[in-house]
Amino acid sequence: EDELIQLMPEPHCDRVPQGVSFGDVVEGFDVKPQYKAGEVATATFHGANPRHNQKPTGSYLTVERVLDNGRSVAIAYDGDWETKFNWLCGKEDPLDLGFARTSNATVEWAIPTDAAAGTYKLCYFGDHKISHTSLVVPFSGCSSNFQVVV
């Protein structure tokens with residue numbers, strides 16, 4: 001009675017292509033330099049299986065406003081209506097069961113029509129499993145800064 005039955009296999013260890021790190025933006029899939037309110041900002045990152053840490057008290061993403069002093073403040077999270085988090089296994093895993101060990105995470109922000117003009121970035125937070133130790137290690141990455149104009 002007190003056991004959780006899990007029908008999916010345990011997630012495998014994660015990998016990224018040579019020369020990149022977990023949380024790096026996938027080449028060619030960074031945000032555009034500028035968006036208008038009402039458009040969707042999107043960035044895709046080299047990711048890891050989100051089942052390593054389901055973040056019951058955290059978030060897989062933040063939308064951050066970059067302040068004049070260079071610091072940033074989170075204005076939206078994965079639980080907000082205007083954000084989306086999508087995880088996709090590598091091409092060699094058509095059923096998305098995590099067997100490919102490489103994956104991408106896409107962060108989207110549907111910019112509200114009442115968003116303040118300014119500088120923003122999309123950030124991704126994940127956890128990857130190391131193969132030889134099965135240790136789960138957190139990582140993060142952010143897109144390039146972009147402007148929201150009204």
# chains A, B, ... in the order shown; residues from 1 in each chain; ligands from 1
$ closest_atom_pairs --of "stretch 115-143 of chain A" --to "stretch 56-59 of chain A" --cutoff "12 Å" --atoms "only C-alpha atoms" --output "Markdown table"
| residue | atom | partner | partner_atom | distance |
| --- | --- | --- | --- | --- |
| A:Cys123 | CA | A:Ser59 | CA | 10.1 |
| A:Tyr124 | CA | A:Ser59 | CA | 8.5 |
| A:Phe125 | CA | A:Ser59 | CA | 7.0 |
| A:Gly126 | CA | A:Ser59 | CA | 8.9 |
| A:Asp127 | CA | A:Ser59 | CA | 11.5 |
| A:Pro138 | CA | A:Gly58 | CA | 11.9 |
| A:Ser140 | CA | A:Ser59 | CA | 11.1 |
$ residues_around --residues "A:Pro50" --least-positions-apart "2" --cutoff "10 Å" --atoms "only C-alpha atoms" --output "PyMOL selection string"
chain A and resi 11+47-48+52-55+60+86-87+98+105+125-128
$ closest_residue --among "A:Val148, A:Thr106, A:Val63, A:Val137" --to "A:Asp24" --atoms "only C-alpha atoms"
A:Thr106
$ closest_residue --among "A:Thr42, A:Phe139, A:Thr113, A:Arg71" --to "A:Gly23" --atoms "only C-alpha atoms"
A:Phe139
$ atom_distance --atom1 "atom CA of A:Glu82" --atom2 "atom CA of A:His46"
22.2 Å
$ select_by_dssp --residues "stretch 15-137 of chain A" --states "strand (DSSP E or B)" --output "JSON, numbers by chain"
{"A": [25, 34, 35, 36, 40, 41, 42, 43, 44, 45, 46, 47, 61, 62, 63, 64, 65, 66, 72, 73, 74, 75, 76, 77, 83, 84, 85, 86, 87, 88, 89, 103, 104, 105, 106, 107, 108, 109, 110, 118, 119, 120, 121, 122, 123, 124, 125, 126, 127, 128, 129, 136, 137]}
$ closest_residue --among "A:Gly38, A:Tyr120, A:Val25, A:Asp30" --to "A:Ala76" --atoms "only C-alpha atoms"
A:Tyr120
$ atom_distance --atom1 "atom CA of A:His12" --atom2 "atom CA of A:Val136"
10.9 Å
$ atom_distance --atom1 "atom CA of A:Thr44" --atom2 "atom CA of A:Asp80"
18.6 Å
$ closest_residue --among "A:Val31, A:Cys13, A:Ala115, A:Ala37" --to "A:Ser131" --atoms "only C-alpha atoms"
A:Cys13
